[in-house]
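Containing compact mmCIF, N, CA and C atoms: target16.txt.
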# COMPACT_ATOMS: atom_id res chain seq x y z
N MET F 22 -31.29 -3.22 -83.01
CA MET F 22 -32.59 -2.88 -83.55
C MET F 22 -33.31 -1.96 -82.57
N SER F 23 -33.80 -0.84 -83.06
CA SER F 23 -34.52 0.09 -82.19
C SER F 23 -35.99 -0.34 -82.10
N ILE F 24 -36.62 0.12 -81.04
CA ILE F 24 -38.02 -0.21 -80.80
C ILE F 24 -38.78 1.08 -80.57
N THR F 25 -39.99 1.17 -81.11
CA THR F 25 -40.78 2.38 -80.93
C THR F 25 -41.56 2.30 -79.62
N ILE F 26 -42.06 3.44 -79.17
CA ILE F 26 -42.86 3.48 -77.96
C ILE F 26 -44.12 2.63 -78.14
N ASP F 27 -44.72 2.71 -79.32
CA ASP F 27 -45.92 1.91 -79.58
C ASP F 27 -45.62 0.42 -79.48
N GLN F 28 -44.51 -0.01 -80.07
CA GLN F 28 -44.13 -1.43 -80.00
C GLN F 28 -43.86 -1.85 -78.56
N GLU F 29 -43.19 -1.00 -77.80
CA GLU F 29 -42.89 -1.33 -76.41
C GLU F 29 -44.16 -1.41 -75.57
N SER F 30 -45.09 -0.47 -75.77
CA SER F 30 -46.32 -0.50 -74.98
C SER F 30 -47.14 -1.75 -75.31
N ARG F 31 -47.17 -2.15 -76.56
CA ARG F 31 -47.88 -3.39 -76.93
C ARG F 31 -47.17 -4.61 -76.33
N GLN F 32 -45.85 -4.58 -76.31
CA GLN F 32 -45.08 -5.68 -75.73
C GLN F 32 -45.34 -5.78 -74.22
N ARG F 33 -45.41 -4.66 -73.55
CA ARG F 33 -45.61 -4.67 -72.09
C ARG F 33 -46.99 -5.15 -71.70
N THR F 34 -47.98 -5.01 -72.57
CA THR F 34 -49.31 -5.52 -72.22
C THR F 34 -49.32 -7.04 -72.15
N ARG F 35 -48.38 -7.67 -72.83
CA ARG F 35 -48.30 -9.14 -72.82
C ARG F 35 -47.18 -9.66 -71.92
N LEU F 36 -46.51 -8.78 -71.21
CA LEU F 36 -45.35 -9.16 -70.41
C LEU F 36 -45.76 -9.80 -69.09
N ALA F 37 -45.28 -11.00 -68.86
CA ALA F 37 -45.66 -11.73 -67.65
C ALA F 37 -44.84 -11.31 -66.42
N ILE F 38 -43.72 -10.61 -66.60
CA ILE F 38 -42.87 -10.30 -65.46
C ILE F 38 -42.95 -8.84 -65.03
N ASP F 39 -43.99 -8.15 -65.42
CA ASP F 39 -44.13 -6.76 -65.02
C ASP F 39 -44.34 -6.67 -63.52
N VAL F 40 -43.50 -5.91 -62.82
CA VAL F 40 -43.61 -5.80 -61.37
C VAL F 40 -44.90 -5.12 -60.93
N ASN F 41 -45.57 -4.46 -61.83
CA ASN F 41 -46.83 -3.84 -61.48
C ASN F 41 -47.89 -4.88 -61.12
N PHE F 42 -47.68 -6.13 -61.50
CA PHE F 42 -48.61 -7.18 -61.11
C PHE F 42 -48.56 -7.44 -59.61
N SER F 43 -47.56 -6.91 -58.92
CA SER F 43 -47.46 -7.12 -57.48
C SER F 43 -48.29 -6.11 -56.70
N GLY F 44 -48.85 -5.14 -57.37
CA GLY F 44 -49.64 -4.12 -56.68
C GLY F 44 -50.98 -4.65 -56.21
N ASN F 45 -51.55 -3.97 -55.24
CA ASN F 45 -52.87 -4.35 -54.75
C ASN F 45 -53.93 -4.11 -55.81
N ARG F 46 -54.92 -4.98 -55.80
CA ARG F 46 -56.03 -4.84 -56.74
C ARG F 46 -57.30 -4.59 -55.95
N TYR F 47 -58.16 -3.79 -56.53
CA TYR F 47 -59.40 -3.44 -55.87
C TYR F 47 -60.55 -3.58 -56.86
N LYS F 48 -61.69 -3.95 -56.37
CA LYS F 48 -62.87 -4.09 -57.21
C LYS F 48 -63.85 -2.98 -56.87
N THR F 49 -64.37 -2.33 -57.88
CA THR F 49 -65.39 -1.31 -57.68
C THR F 49 -66.62 -1.74 -58.47
N THR F 50 -67.66 -0.96 -58.36
CA THR F 50 -68.85 -1.28 -59.14
C THR F 50 -68.60 -1.06 -60.63
N ASN F 51 -67.56 -0.29 -60.96
CA ASN F 51 -67.24 -0.02 -62.37
C ASN F 51 -66.26 -1.02 -62.98
N GLY F 52 -65.58 -1.80 -62.16
CA GLY F 52 -64.62 -2.75 -62.71
C GLY F 52 -63.48 -3.01 -61.76
N LEU F 53 -62.39 -3.59 -62.26
CA LEU F 53 -61.21 -3.93 -61.47
C LEU F 53 -60.12 -2.89 -61.69
N TYR F 54 -59.41 -2.55 -60.62
CA TYR F 54 -58.33 -1.58 -60.72
C TYR F 54 -57.10 -2.13 -60.01
N THR F 55 -55.96 -1.97 -60.64
CA THR F 55 -54.70 -2.33 -60.01
C THR F 55 -53.91 -1.06 -59.82
N PHE F 56 -53.46 -0.82 -58.59
CA PHE F 56 -52.61 0.35 -58.37
C PHE F 56 -51.30 0.13 -59.12
N PRO F 57 -50.84 1.12 -59.89
CA PRO F 57 -49.72 0.91 -60.79
C PRO F 57 -48.35 0.86 -60.14
N ALA F 58 -48.27 1.00 -58.83
CA ALA F 58 -46.97 0.98 -58.18
C ALA F 58 -46.72 -0.40 -57.56
N LEU F 59 -45.49 -0.82 -57.62
CA LEU F 59 -45.15 -2.08 -56.98
C LEU F 59 -45.17 -1.91 -55.47
N GLU F 60 -45.36 -2.99 -54.77
CA GLU F 60 -45.34 -2.94 -53.32
C GLU F 60 -43.93 -3.27 -52.85
N LEU F 61 -43.30 -2.33 -52.20
CA LEU F 61 -41.92 -2.54 -51.76
C LEU F 61 -41.81 -3.62 -50.71
N GLU F 62 -42.87 -3.89 -49.98
CA GLU F 62 -42.80 -4.95 -48.98
C GLU F 62 -42.57 -6.30 -49.63
N VAL F 63 -43.00 -6.47 -50.86
CA VAL F 63 -42.76 -7.71 -51.59
C VAL F 63 -41.25 -7.85 -51.84
N PHE F 64 -40.61 -6.77 -52.26
CA PHE F 64 -39.18 -6.84 -52.50
C PHE F 64 -38.39 -6.89 -51.21
N ASP F 65 -38.92 -6.30 -50.15
CA ASP F 65 -38.29 -6.46 -48.83
C ASP F 65 -38.27 -7.92 -48.44
N LYS F 66 -39.38 -8.59 -48.66
CA LYS F 66 -39.52 -9.99 -48.27
C LYS F 66 -38.53 -10.89 -49.02
N TYR F 67 -38.30 -10.59 -50.29
CA TYR F 67 -37.43 -11.44 -51.12
C TYR F 67 -36.11 -10.77 -51.49
N LEU F 68 -35.75 -9.73 -50.73
CA LEU F 68 -34.53 -8.99 -51.02
C LEU F 68 -33.30 -9.88 -51.01
N TYR F 69 -33.16 -10.72 -49.98
CA TYR F 69 -31.97 -11.56 -49.88
C TYR F 69 -31.94 -12.65 -50.93
N TYR F 70 -33.10 -13.10 -51.36
CA TYR F 70 -33.17 -14.06 -52.46
C TYR F 70 -32.64 -13.41 -53.74
N LEU F 71 -33.11 -12.20 -54.01
CA LEU F 71 -32.65 -11.49 -55.21
C LEU F 71 -31.15 -11.19 -55.13
N LEU F 72 -30.68 -10.79 -53.95
CA LEU F 72 -29.25 -10.50 -53.80
C LEU F 72 -28.39 -11.75 -53.97
N LYS F 73 -28.91 -12.88 -53.50
CA LYS F 73 -28.17 -14.14 -53.63
C LYS F 73 -27.95 -14.50 -55.09
N TYR F 74 -28.95 -14.22 -55.91
CA TYR F 74 -28.86 -14.54 -57.33
C TYR F 74 -28.62 -13.29 -58.17
N SER F 75 -27.69 -12.47 -57.72
CA SER F 75 -27.34 -11.23 -58.41
C SER F 75 -25.87 -11.24 -58.78
N VAL F 76 -25.53 -10.36 -59.69
CA VAL F 76 -24.12 -10.11 -60.01
C VAL F 76 -23.86 -8.63 -59.77
N GLN F 77 -22.65 -8.34 -59.38
CA GLN F 77 -22.25 -6.94 -59.18
C GLN F 77 -21.44 -6.52 -60.39
N LYS F 78 -21.85 -5.43 -61.00
CA LYS F 78 -21.21 -4.94 -62.22
C LYS F 78 -20.73 -3.51 -62.03
N ARG F 79 -19.75 -3.15 -62.82
CA ARG F 79 -19.31 -1.77 -62.85
C ARG F 79 -20.41 -0.94 -63.52
N PHE F 80 -20.79 0.16 -62.88
CA PHE F 80 -21.86 1.01 -63.40
C PHE F 80 -21.36 1.79 -64.61
N GLU F 81 -22.05 1.68 -65.71
CA GLU F 81 -21.66 2.40 -66.93
C GLU F 81 -22.30 3.79 -66.93
N ARG F 82 -21.52 4.78 -67.34
CA ARG F 82 -21.96 6.18 -67.32
C ARG F 82 -23.22 6.42 -68.16
N GLN F 83 -23.45 5.60 -69.15
CA GLN F 83 -24.63 5.80 -70.02
C GLN F 83 -25.95 5.61 -69.27
N TYR F 84 -25.89 5.00 -68.08
CA TYR F 84 -27.10 4.74 -67.31
C TYR F 84 -27.35 5.76 -66.19
N ILE F 85 -26.55 6.81 -66.12
CA ILE F 85 -26.78 7.83 -65.09
C ILE F 85 -28.19 8.40 -65.25
N MET F 86 -28.98 8.32 -64.17
CA MET F 86 -30.37 8.77 -64.13
C MET F 86 -31.25 8.08 -65.16
N LYS F 87 -30.84 6.87 -65.60
CA LYS F 87 -31.63 6.15 -66.60
C LYS F 87 -31.76 4.66 -66.21
N PRO F 88 -32.41 4.38 -65.08
CA PRO F 88 -32.57 2.98 -64.69
C PRO F 88 -33.44 2.20 -65.67
N ASP F 89 -34.33 2.90 -66.38
CA ASP F 89 -35.16 2.23 -67.36
C ASP F 89 -34.31 1.72 -68.54
N TYR F 90 -33.28 2.46 -68.92
CA TYR F 90 -32.38 2.01 -69.99
C TYR F 90 -31.60 0.77 -69.54
N MET F 91 -31.14 0.81 -68.29
CA MET F 91 -30.41 -0.34 -67.78
C MET F 91 -31.33 -1.57 -67.70
N SER F 92 -32.54 -1.34 -67.24
CA SER F 92 -33.51 -2.43 -67.16
C SER F 92 -33.76 -3.03 -68.54
N PHE F 93 -33.91 -2.19 -69.53
CA PHE F 93 -34.14 -2.69 -70.89
C PHE F 93 -32.94 -3.48 -71.40
N ASP F 94 -31.75 -2.97 -71.16
CA ASP F 94 -30.54 -3.66 -71.63
C ASP F 94 -30.31 -4.98 -70.89
N GLU F 95 -30.65 -5.03 -69.61
CA GLU F 95 -30.43 -6.24 -68.81
C GLU F 95 -31.53 -7.28 -68.99
N TYR F 96 -32.78 -6.80 -69.07
CA TYR F 96 -33.93 -7.72 -69.04
C TYR F 96 -34.82 -7.67 -70.27
N GLY F 97 -34.60 -6.70 -71.14
CA GLY F 97 -35.45 -6.58 -72.32
C GLY F 97 -36.77 -5.87 -72.06
N THR F 98 -36.88 -5.22 -70.90
CA THR F 98 -38.08 -4.46 -70.56
C THR F 98 -37.70 -3.34 -69.60
N VAL F 99 -38.43 -2.23 -69.69
CA VAL F 99 -38.19 -1.12 -68.77
C VAL F 99 -38.96 -1.29 -67.47
N SER F 100 -39.81 -2.29 -67.39
CA SER F 100 -40.69 -2.44 -66.23
C SER F 100 -39.96 -2.86 -64.95
N LEU F 101 -38.70 -3.24 -65.04
CA LEU F 101 -37.94 -3.64 -63.86
C LEU F 101 -36.99 -2.55 -63.36
N ALA F 102 -37.15 -1.33 -63.87
CA ALA F 102 -36.29 -0.21 -63.46
C ALA F 102 -36.45 0.11 -61.98
N GLN F 103 -37.69 0.09 -61.48
CA GLN F 103 -37.93 0.38 -60.07
C GLN F 103 -37.27 -0.67 -59.19
N MET F 104 -37.29 -1.91 -59.62
CA MET F 104 -36.64 -2.97 -58.86
C MET F 104 -35.14 -2.75 -58.79
N LEU F 105 -34.53 -2.37 -59.91
CA LEU F 105 -33.09 -2.10 -59.91
C LEU F 105 -32.75 -0.97 -58.95
N MET F 106 -33.56 0.06 -58.93
CA MET F 106 -33.31 1.17 -58.01
C MET F 106 -33.43 0.71 -56.57
N TYR F 107 -34.45 -0.06 -56.27
CA TYR F 107 -34.68 -0.50 -54.90
C TYR F 107 -33.59 -1.45 -54.42
N ILE F 108 -33.21 -2.39 -55.24
CA ILE F 108 -32.18 -3.37 -54.88
C ILE F 108 -30.85 -2.66 -54.59
N ASN F 109 -30.60 -1.56 -55.29
CA ASN F 109 -29.35 -0.82 -55.12
C ASN F 109 -29.46 0.33 -54.12
N GLY F 110 -30.58 0.43 -53.43
CA GLY F 110 -30.74 1.46 -52.40
C GLY F 110 -30.80 2.87 -52.94
N VAL F 111 -31.36 3.01 -54.12
CA VAL F 111 -31.45 4.33 -54.76
C VAL F 111 -32.89 4.83 -54.63
N PRO F 112 -33.14 5.86 -53.82
CA PRO F 112 -34.51 6.32 -53.59
C PRO F 112 -35.08 7.22 -54.68
N SER F 113 -34.23 7.75 -55.54
CA SER F 113 -34.69 8.72 -56.54
C SER F 113 -33.91 8.52 -57.84
N ILE F 114 -34.57 8.76 -58.94
CA ILE F 114 -33.93 8.58 -60.24
C ILE F 114 -32.71 9.50 -60.40
N GLU F 115 -32.76 10.67 -59.76
CA GLU F 115 -31.64 11.60 -59.83
C GLU F 115 -30.39 11.06 -59.13
N MET F 116 -30.58 10.09 -58.25
CA MET F 116 -29.46 9.50 -57.51
C MET F 116 -28.96 8.20 -58.15
N PHE F 117 -29.48 7.86 -59.31
CA PHE F 117 -29.06 6.64 -60.00
C PHE F 117 -27.74 6.91 -60.72
N ASP F 118 -26.71 7.02 -59.92
CA ASP F 118 -25.34 7.27 -60.39
C ASP F 118 -24.43 6.56 -59.39
N LEU F 119 -24.03 5.35 -59.73
CA LEU F 119 -23.32 4.48 -58.80
C LEU F 119 -21.93 4.13 -59.33
N ASP F 120 -21.09 3.58 -58.47
CA ASP F 120 -19.82 3.03 -58.91
C ASP F 120 -20.00 1.57 -59.34
N GLU F 121 -20.74 0.84 -58.51
CA GLU F 121 -21.06 -0.56 -58.78
C GLU F 121 -22.58 -0.71 -58.70
N VAL F 122 -23.14 -1.60 -59.51
CA VAL F 122 -24.58 -1.84 -59.50
C VAL F 122 -24.83 -3.34 -59.32
N VAL F 123 -25.82 -3.64 -58.49
CA VAL F 123 -26.23 -5.03 -58.27
C VAL F 123 -27.39 -5.32 -59.21
N VAL F 124 -27.23 -6.39 -60.01
CA VAL F 124 -28.25 -6.76 -60.99
C VAL F 124 -28.73 -8.18 -60.70
N PRO F 125 -29.98 -8.32 -60.21
CA PRO F 125 -30.52 -9.66 -59.98
C PRO F 125 -30.65 -10.42 -61.30
N SER F 126 -30.49 -11.72 -61.24
CA SER F 126 -30.62 -12.51 -62.46
C SER F 126 -32.07 -12.51 -62.93
N TYR F 127 -32.23 -12.63 -64.22
CA TYR F 127 -33.57 -12.67 -64.82
C TYR F 127 -34.36 -13.84 -64.26
N SER F 128 -33.69 -14.98 -64.10
CA SER F 128 -34.39 -16.17 -63.60
C SER F 128 -34.89 -15.97 -62.17
N ALA F 129 -34.15 -15.25 -61.33
CA ALA F 129 -34.59 -14.99 -59.96
C ALA F 129 -35.83 -14.09 -59.96
N VAL F 130 -35.85 -13.09 -60.81
CA VAL F 130 -37.00 -12.20 -60.91
C VAL F 130 -38.21 -12.98 -61.41
N VAL F 131 -38.02 -13.78 -62.42
CA VAL F 131 -39.13 -14.58 -62.96
C VAL F 131 -39.65 -15.54 -61.90
N GLU F 132 -38.76 -16.15 -61.14
CA GLU F 132 -39.17 -17.10 -60.10
C GLU F 132 -40.04 -16.42 -59.05
N ILE F 133 -39.66 -15.24 -58.62
CA ILE F 133 -40.45 -14.51 -57.63
C ILE F 133 -41.82 -14.15 -58.21
N LEU F 134 -41.82 -13.59 -59.40
CA LEU F 134 -43.08 -13.16 -60.00
C LEU F 134 -43.97 -14.35 -60.35
N LYS F 135 -43.38 -15.44 -60.76
CA LYS F 135 -44.15 -16.62 -61.14
C LYS F 135 -44.79 -17.28 -59.92
N ASP F 136 -44.04 -17.44 -58.87
CA ASP F 136 -44.53 -18.18 -57.71
C ASP F 136 -45.23 -17.33 -56.67
N LYS F 137 -44.89 -16.09 -56.56
CA LYS F 137 -45.38 -15.30 -55.44
C LYS F 137 -46.52 -14.36 -55.77
N PHE F 138 -46.74 -14.03 -57.01
CA PHE F 138 -47.77 -13.07 -57.37
C PHE F 138 -48.86 -13.73 -58.20
N ALA F 139 -49.56 -14.64 -57.60
CA ALA F 139 -50.64 -15.31 -58.32
C ALA F 139 -51.75 -14.32 -58.63
N VAL F 140 -52.44 -14.55 -59.71
CA VAL F 140 -53.55 -13.69 -60.09
C VAL F 140 -54.68 -13.91 -59.08
N GLN F 141 -55.19 -12.82 -58.55
CA GLN F 141 -56.25 -12.92 -57.57
C GLN F 141 -57.60 -13.13 -58.25
N ASP F 142 -58.43 -13.95 -57.63
CA ASP F 142 -59.80 -14.14 -58.08
C ASP F 142 -60.54 -12.82 -57.82
N PRO F 143 -61.28 -12.29 -58.79
CA PRO F 143 -61.98 -11.03 -58.58
C PRO F 143 -62.90 -11.04 -57.36
N ASP F 144 -63.43 -12.18 -56.99
CA ASP F 144 -64.31 -12.25 -55.82
C ASP F 144 -63.55 -12.04 -54.51
N ASP F 145 -62.22 -12.24 -54.53
CA ASP F 145 -61.41 -12.08 -53.33
C ASP F 145 -60.84 -10.67 -53.17
N LEU F 146 -61.14 -9.80 -54.11
CA LEU F 146 -60.57 -8.45 -54.07
C LEU F 146 -61.34 -7.57 -53.11
N PHE F 147 -60.67 -6.53 -52.64
CA PHE F 147 -61.29 -5.56 -51.76
C PHE F 147 -62.36 -4.79 -52.54
N GLU F 148 -63.40 -4.44 -51.87
CA GLU F 148 -64.48 -3.66 -52.48
C GLU F 148 -64.28 -2.19 -52.13
N VAL F 149 -64.36 -1.32 -53.13
CA VAL F 149 -64.27 0.11 -52.93
C VAL F 149 -65.58 0.72 -53.39
N ASP F 150 -66.23 1.47 -52.54
CA ASP F 150 -67.53 2.05 -52.86
C ASP F 150 -67.35 3.44 -53.47
N TRP F 151 -67.34 3.50 -54.79
CA TRP F 151 -67.19 4.78 -55.51
C TRP F 151 -68.49 5.15 -56.14
Target encoding structure tokens, full file:
Amino acid sequence: MSITIDQESRQRTRLAIDVNFSGNRYKTTNGLYTFPALELEVFDKYLYYLLKYSVQKRFERQYIMKPDYMSFDEYGTVSLAQMLMYINGVPSIEMFDLDEVVVPSYSAVVEILKDKFAVQDPDDLFEVDW
């Protein structure tokens, strides 16, 4: 079954495992802002945990330069594409062409995001004077 961009964007707004939740949040006089990039130090901290609960697979040619496609096929969301690149030591999407790929288990990713990225109280956020 194919999915439209509109359906996927609506699905991602309700997705609890989006790695973007690991980004820093800041409070301004206009509202709350989350930087849309994941913090690599979080994945550095739990890298060995993710590797422990990973499988190594033969890289399929259909995923060359398409980590988002692999993420969708493995996890049902494109939001974990950056994690797949980082876990496999791929610094750029153009270099996402491997012989073997390491894929962390869905349960390991959920465990990290569930336990380690608690929602911050808005009063505890950094203040930015804009």
| request: Pick out the closest residue to Ile114 of chain F from this set: F:Phe64, F:Phe80, F:Pro88, F:Tyr69. Count all atoms listed in the file. | output: F:Pro88
| message | Quick one: residues within 8 Å of Leu119 of chain F, only N, CA and C atoms, excluding same-chain residues fewer than 6 positions away - as a list of chain:residue names? | response |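 Final neighbour list, sorted by chain and number: F:Arg79, F:Phe80, F:Glu81, F:Arg82, F:Tyr84, F:Ile85, F:Met86.
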| Gap from atom N of Tyr127 of chain F to atom N of Ile24 of chain F - Å, one decimal |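 That distance, rounded to one decimal, is 21.6 Å.
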| message | Please compute the atom CA of Ser92 of chain F-atom CA of Ser126 of chain F distance, one decimal, in Å. | response |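 Rounded to one decimal, the two atoms are 11.5 Å apart.
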| Pick from F:Thr25, F:Gln83, F:Glu132, F:Pro125 nearest to Tyr107 of chain F, counting only C-alpha atoms |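 Of F:Thr25, F:Gln83, F:Glu132, F:Pro125, the one nearest Tyr107 of chain F is F:Pro125, counting only C-alpha atoms.
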| Mind pulling up the distance from atom C of Gln28 of chain F to atom N of Val111 of chain F? |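 Spanning atom N of Val111 of chain F to atom C of Gln28 of chain F is a straight-line distance of 27.9 Å.
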